[in-house]
file model07.txt (compact mmCIF, C-alpha atoms)
# COMPACT_ATOMS: atom_id res chain seq x y z
CA MET I 1 56.87 42.53 52.45
CA HIS I 2 54.63 45.59 52.52
CA LEU I 3 52.75 44.35 55.61
CA LEU I 4 56.02 43.64 57.35
CA CYS I 5 57.25 47.12 56.53
CA ILE I 6 54.01 48.66 57.83
CA ASN I 7 54.44 46.68 61.05
CA ILE I 8 58.06 47.71 61.59
CA VAL I 9 57.63 51.35 60.56
CA PHE I 10 54.18 52.34 61.79
CA ILE I 11 53.53 50.33 64.96
CA PRO I 12 56.01 52.47 66.94
CA VAL I 13 54.51 55.67 65.45
CA ILE I 14 50.97 54.55 66.35
CA ASN I 15 52.02 53.52 69.85
CA THR I 16 53.68 56.90 70.44
CA HIS I 17 50.52 58.73 69.35
CA LEU I 18 48.33 56.46 71.50
CA SER I 19 50.56 57.04 74.51
CA THR I 20 50.39 60.81 74.04
CA PHE I 21 46.61 60.68 73.71
CA ARG I 22 46.26 58.41 76.78
CA HIS I 23 48.39 60.74 78.87
CA ALA I 24 46.41 63.82 77.81
CA TRP I 25 43.07 62.06 78.31
CA ASN I 26 43.95 60.84 81.79
CA LYS I 27 45.03 64.34 82.83
CA HIS I 28 42.19 66.39 81.27
CA LYS I 29 39.67 68.01 83.62
CA ILE I 30 36.04 66.91 83.55
CA ARG I 31 33.67 69.79 84.28
CA THR I 32 30.81 67.57 85.46
CA GLU I 33 33.12 65.83 87.94
CA GLY I 34 34.24 68.97 89.75
CA HIS I 35 37.11 69.61 87.34
CA LYS I 36 38.85 66.41 88.40
CA SER I 37 40.79 64.36 85.87
CA PRO I 38 40.06 60.68 85.13
CA GLU I 39 43.34 59.92 86.91
CA MET I 40 42.19 61.80 90.03
CA LEU I 41 38.79 60.09 89.94
CA TRP I 42 40.42 56.67 89.69
CA LEU I 43 42.78 57.42 92.58
CA ASN I 44 39.89 58.72 94.73
CA GLY I 45 37.96 55.52 93.99
CA VAL I 46 40.92 53.34 94.92
CA LEU I 47 41.56 55.24 98.14
CA SER I 48 37.92 55.14 99.20
CA ASN I 49 37.76 51.36 98.56
CA LEU I 50 41.20 50.54 99.92
CA ASN I 51 39.95 48.19 102.63
CA SER I 52 37.31 46.63 100.39
CA ALA I 53 37.44 42.95 99.48
CA SER I 54 36.18 43.68 95.96
CA LEU I 55 37.70 41.91 92.99
CA ALA I 56 38.84 45.24 91.52
CA MET I 57 40.85 46.08 94.63
CA THR I 58 42.24 42.54 94.81
CA ASN I 59 43.40 42.80 91.19
CA ILE I 60 45.18 46.08 91.90
CA PHE I 61 46.95 45.09 95.10
CA ASP I 62 47.16 41.32 94.84
CA ALA I 63 50.59 39.69 94.80
CA ASN I 64 49.40 37.66 91.79
CA PRO I 65 48.99 40.31 89.06
CA VAL I 66 46.36 40.04 86.34
CA ASP I 67 48.87 38.89 83.71
CA MET I 68 49.91 35.97 85.92
CA ALA I 69 46.27 35.04 86.52
CA LEU I 70 45.69 35.16 82.75
CA ARG I 71 48.69 32.92 82.13
CA ASP I 72 47.41 30.44 84.72
CA ALA I 73 43.91 30.43 83.22
CA LEU I 74 45.26 29.90 79.68
CA GLN I 75 47.57 27.15 80.86
CA HIS I 76 44.52 25.33 82.25
CA PHE I 77 43.35 25.01 78.62
CA ASN I 78 46.81 24.12 77.30
CA LEU I 79 47.22 27.60 75.79
CA HIS I 80 50.07 30.09 76.12
CA ILE I 81 49.94 33.91 76.08
CA GLU I 82 52.55 33.98 73.30
CA GLN I 83 50.00 32.45 70.93
CA PHE I 84 47.91 35.60 71.26
CA THR I 85 50.59 38.29 71.41
CA HIS I 86 52.60 37.31 68.32
CA THR I 87 51.84 39.39 65.24
CA ASP I 88 52.27 37.40 62.04
CA CYS I 89 53.07 39.68 59.14
CA GLY I 90 53.93 36.95 56.74
CA ASN I 91 57.70 37.03 56.44
CA ASN I 92 58.82 38.30 59.82
CA SER I 93 60.29 34.90 60.66
CA GLN I 94 62.94 35.66 58.03
CA LEU I 95 64.06 38.73 59.97
CA HIS I 96 66.48 38.63 62.85
CA ASP I 97 66.25 41.07 65.78
CA GLU I 98 69.38 42.82 64.56
CA GLN I 99 67.79 43.46 61.14
CA ILE I 100 64.64 44.84 62.75
CA ARG I 101 66.78 47.13 64.96
CA GLU I 102 68.71 48.32 61.89
CA ILE I 103 65.52 49.16 59.99
CA THR I 104 63.97 50.82 63.03
CA HIS I 105 67.10 52.90 63.65
CA CYS I 106 67.22 54.06 60.03
CA VAL I 107 63.55 54.98 59.72
CA ASN I 108 63.44 56.73 63.11
CA GLN I 109 65.72 59.40 61.66
CA ILE I 110 63.00 60.33 59.12
CA SER I 111 60.00 62.47 60.08
CA ASP I 112 57.92 62.20 56.88
CA LEU I 113 55.75 59.07 57.09
CA LYS I 114 55.86 58.31 53.34
CA GLU I 115 59.62 58.59 53.35
CA LYS I 116 59.77 56.37 56.46
CA PHE I 117 57.79 53.67 54.68
CA SER I 118 59.82 53.98 51.46
CA LYS I 119 63.11 53.73 53.36
CA GLY I 120 61.83 50.71 55.35
CA LEU I 121 60.75 48.98 52.15
CA GLN I 122 64.07 49.77 50.51
CA LEU I 123 65.96 48.28 53.46
CA LEU I 124 63.80 45.14 53.44
CA GLN I 125 64.44 44.70 49.72
CA ARG I 126 68.15 45.16 50.29
CA MET I 127 68.01 42.42 52.93
CA HIS I 128 66.34 40.20 50.32
CA ILE I 129 63.14 39.73 52.30
CA SER I 130 60.44 38.72 49.83

call {"tool": "encode", "arguments": {"input": "model07.txt", "output": "structure tokens"}}
result
Amino acid sequence: MHLLCINIVFIPVINTHLSTFRHAWNKHKIRTEGHKSPEMLWLNGVLSNLNSASLAMTNIFDANPVDMALRDALQHFNLHIEQFTHTDCGNNSQLHDEQIREITHCVNQISDLKEKFSKGLQLLQRMHIS
């Protein structure tokens, strides 16, 4: 139950922090690159290789995106992407989407991380998730 609570409570918090960091990193200026950001450097690289037949350019502009190519490659081996994207926290099969939304809604109102976890655990116990 504790792992499930950590998953429900902290994954969104971690993802928010990672998104903020990624945004700041991609926009920060690099002195040794003429004060251009990683985002600007990437865009310059794409524009200068626009007519190239390189695999990188094909992956960016191809009608068959990378995720579809990955699905096709996995299917060749009788595998499915869902096998690799599902996070098993023990008892999450006992939770319905509505219960997860209820817990998420309740804990999102709390800013203190310890209180968030305690409230999430309390709600799981109230739902009789062992």

call {"tool": "atom_distance", "arguments": {"input": "model07.txt", "atom1": "CA of Leu18 (chain I)", "atom2": "CA of Ile30 (chain I)"}}
result
20.1 Å

call {"tool": "closest_residue", "arguments": {"input": "model07.txt", "among": "I:Phe77, I:Leu43, I:His96, I:Phe84", "to": "Met57 (chain I)", "atoms": "all atoms listed in the file"}}
result
I:Leu43

call {"tool": "atom_distance", "arguments": {"input": "model07.txt", "atom1": "CA of Asn7 (chain I)", "atom2": "CA of Phe117 (chain I)"}}
result
10.0 Å

call {"tool": "closest_residue", "arguments": {"input": "model07.txt", "among": "I:Ser54, I:Gln83, I:Thr16, I:Asn26", "to": "Trp42 (chain I)", "atoms": "all atoms listed in the file"}}
result
I:Asn26

call {"tool": "atom_distance", "arguments": {"input": "model07.txt", "atom1": "CA of Ile81 (chain I)", "atom2": "CA of Thr104 (chain I)"}}
result
25.6 Å

call {"tool": "closest_residue", "arguments": {"input": "model07.txt", "among": "I:Leu4, I:Leu70, I:Leu55, I:Ala24", "to": "Ile100 (chain I)", "atoms": "only C-alpha atoms"}}
result
I:Leu4

call {"tool": "closest_residue", "arguments": {"input": "model07.txt", "among": "I:Lys119, I:Lys114, I:His76, I:Arg22", "to": "Glu102 (chain I)", "atoms": "all atoms listed in the file"}}
result
I:Lys119

call {"tool": "residues_around", "arguments": {"input": "model07.txt", "residues": "region 35-40 of chain I", "least_positions_apart": "5", "cutoff": "10 Å", "atoms": "only C-alpha atoms", "output": "ChimeraX atom specification"}}
result
/I:23-30,45-46

call {"tool": "closest_residue", "arguments": {"input": "model07.txt", "among": "I:Ala73, I:Val9, I:Ile14, I:Leu3", "to": "Glu115 (chain I)", "atoms": "all atoms listed in the file"}}
result
I:Val9

call {"tool": "decode", "arguments": {"input": "model07.txt", "residues": "region 22-44 of chain I", "atoms": "N, CA and C atoms", "output": "short mmCIF file (atom, residue, chain, number, x, y, z; two decimals), in the first residue's frame"}}
result
data_model
loop_
_atom_site.label_atom_id
_atom_site.label_comp_id
_atom_site.auth_asym_id
_atom_site.auth_seq_id
_atom_site.Cartn_x
_atom_site.Cartn_y
_atom_site.Cartn_z
N ARG I 22 13.42 20.71 -17.23
CA ARG I 22 13.63 20.54 -18.67
C ARG I 22 13.41 21.86 -19.41
N HIS I 23 12.36 22.56 -19.05
CA HIS I 23 12.06 23.84 -19.69
C HIS I 23 13.19 24.84 -19.44
N ALA I 24 13.63 24.94 -18.19
CA ALA I 24 14.72 25.88 -17.86
C ALA I 24 16.01 25.49 -18.56
N TRP I 25 16.32 24.20 -18.58
CA TRP I 25 17.55 23.73 -19.21
C TRP I 25 17.55 24.04 -20.71
N ASN I 26 16.44 23.76 -21.36
CA ASN I 26 16.37 23.97 -22.80
C ASN I 26 16.43 25.45 -23.19
N LYS I 27 16.11 26.33 -22.27
CA LYS I 27 16.11 27.77 -22.54
C LYS I 27 17.37 28.48 -22.05
N HIS I 28 18.21 27.81 -21.24
CA HIS I 28 19.36 28.51 -20.67
C HIS I 28 20.42 28.77 -21.75
N LYS I 29 21.14 29.87 -21.61
CA LYS I 29 22.15 30.27 -22.58
C LYS I 29 23.47 29.56 -22.27
N ILE I 30 24.15 29.12 -23.34
CA ILE I 30 25.44 28.46 -23.20
C ILE I 30 26.51 29.41 -23.72
N ARG I 31 27.38 29.85 -22.82
CA ARG I 31 28.39 30.85 -23.16
C ARG I 31 29.29 30.38 -24.30
N THR I 32 29.71 29.11 -24.26
CA THR I 32 30.65 28.60 -25.26
C THR I 32 29.99 28.36 -26.62
N GLU I 33 28.69 28.50 -26.69
CA GLU I 33 27.96 28.34 -27.95
C GLU I 33 27.35 29.65 -28.42
N GLY I 34 28.04 30.74 -28.09
CA GLY I 34 27.57 32.06 -28.53
C GLY I 34 26.29 32.49 -27.85
N HIS I 35 26.14 32.09 -26.60
CA HIS I 35 24.97 32.44 -25.79
C HIS I 35 23.65 31.97 -26.40
N LYS I 36 23.72 30.86 -27.13
CA LYS I 36 22.51 30.24 -27.67
C LYS I 36 22.05 29.17 -26.68
N SER I 37 20.76 28.94 -26.67
CA SER I 37 20.20 27.91 -25.79
C SER I 37 20.26 26.57 -26.49
N PRO I 38 20.15 25.45 -25.72
CA PRO I 38 20.06 24.13 -26.36
C PRO I 38 18.92 24.06 -27.37
N GLU I 39 17.81 24.72 -27.06
CA GLU I 39 16.68 24.74 -27.98
C GLU I 39 17.05 25.42 -29.30
N MET I 40 17.75 26.55 -29.20
CA MET I 40 18.18 27.27 -30.41
C MET I 40 19.20 26.45 -31.20
N LEU I 41 20.11 25.79 -30.50
CA LEU I 41 21.10 24.96 -31.19
C LEU I 41 20.43 23.80 -31.92
N TRP I 42 19.45 23.18 -31.29
CA TRP I 42 18.73 22.08 -31.93
C TRP I 42 18.01 22.57 -33.18
N LEU I 43 17.31 23.69 -33.05
CA LEU I 43 16.56 24.24 -34.18
C LEU I 43 17.50 24.61 -35.33
N ASN I 44 18.66 25.22 -35.01
CA ASN I 44 19.64 25.54 -36.04
C ASN I 44 20.13 24.28 -36.75
#
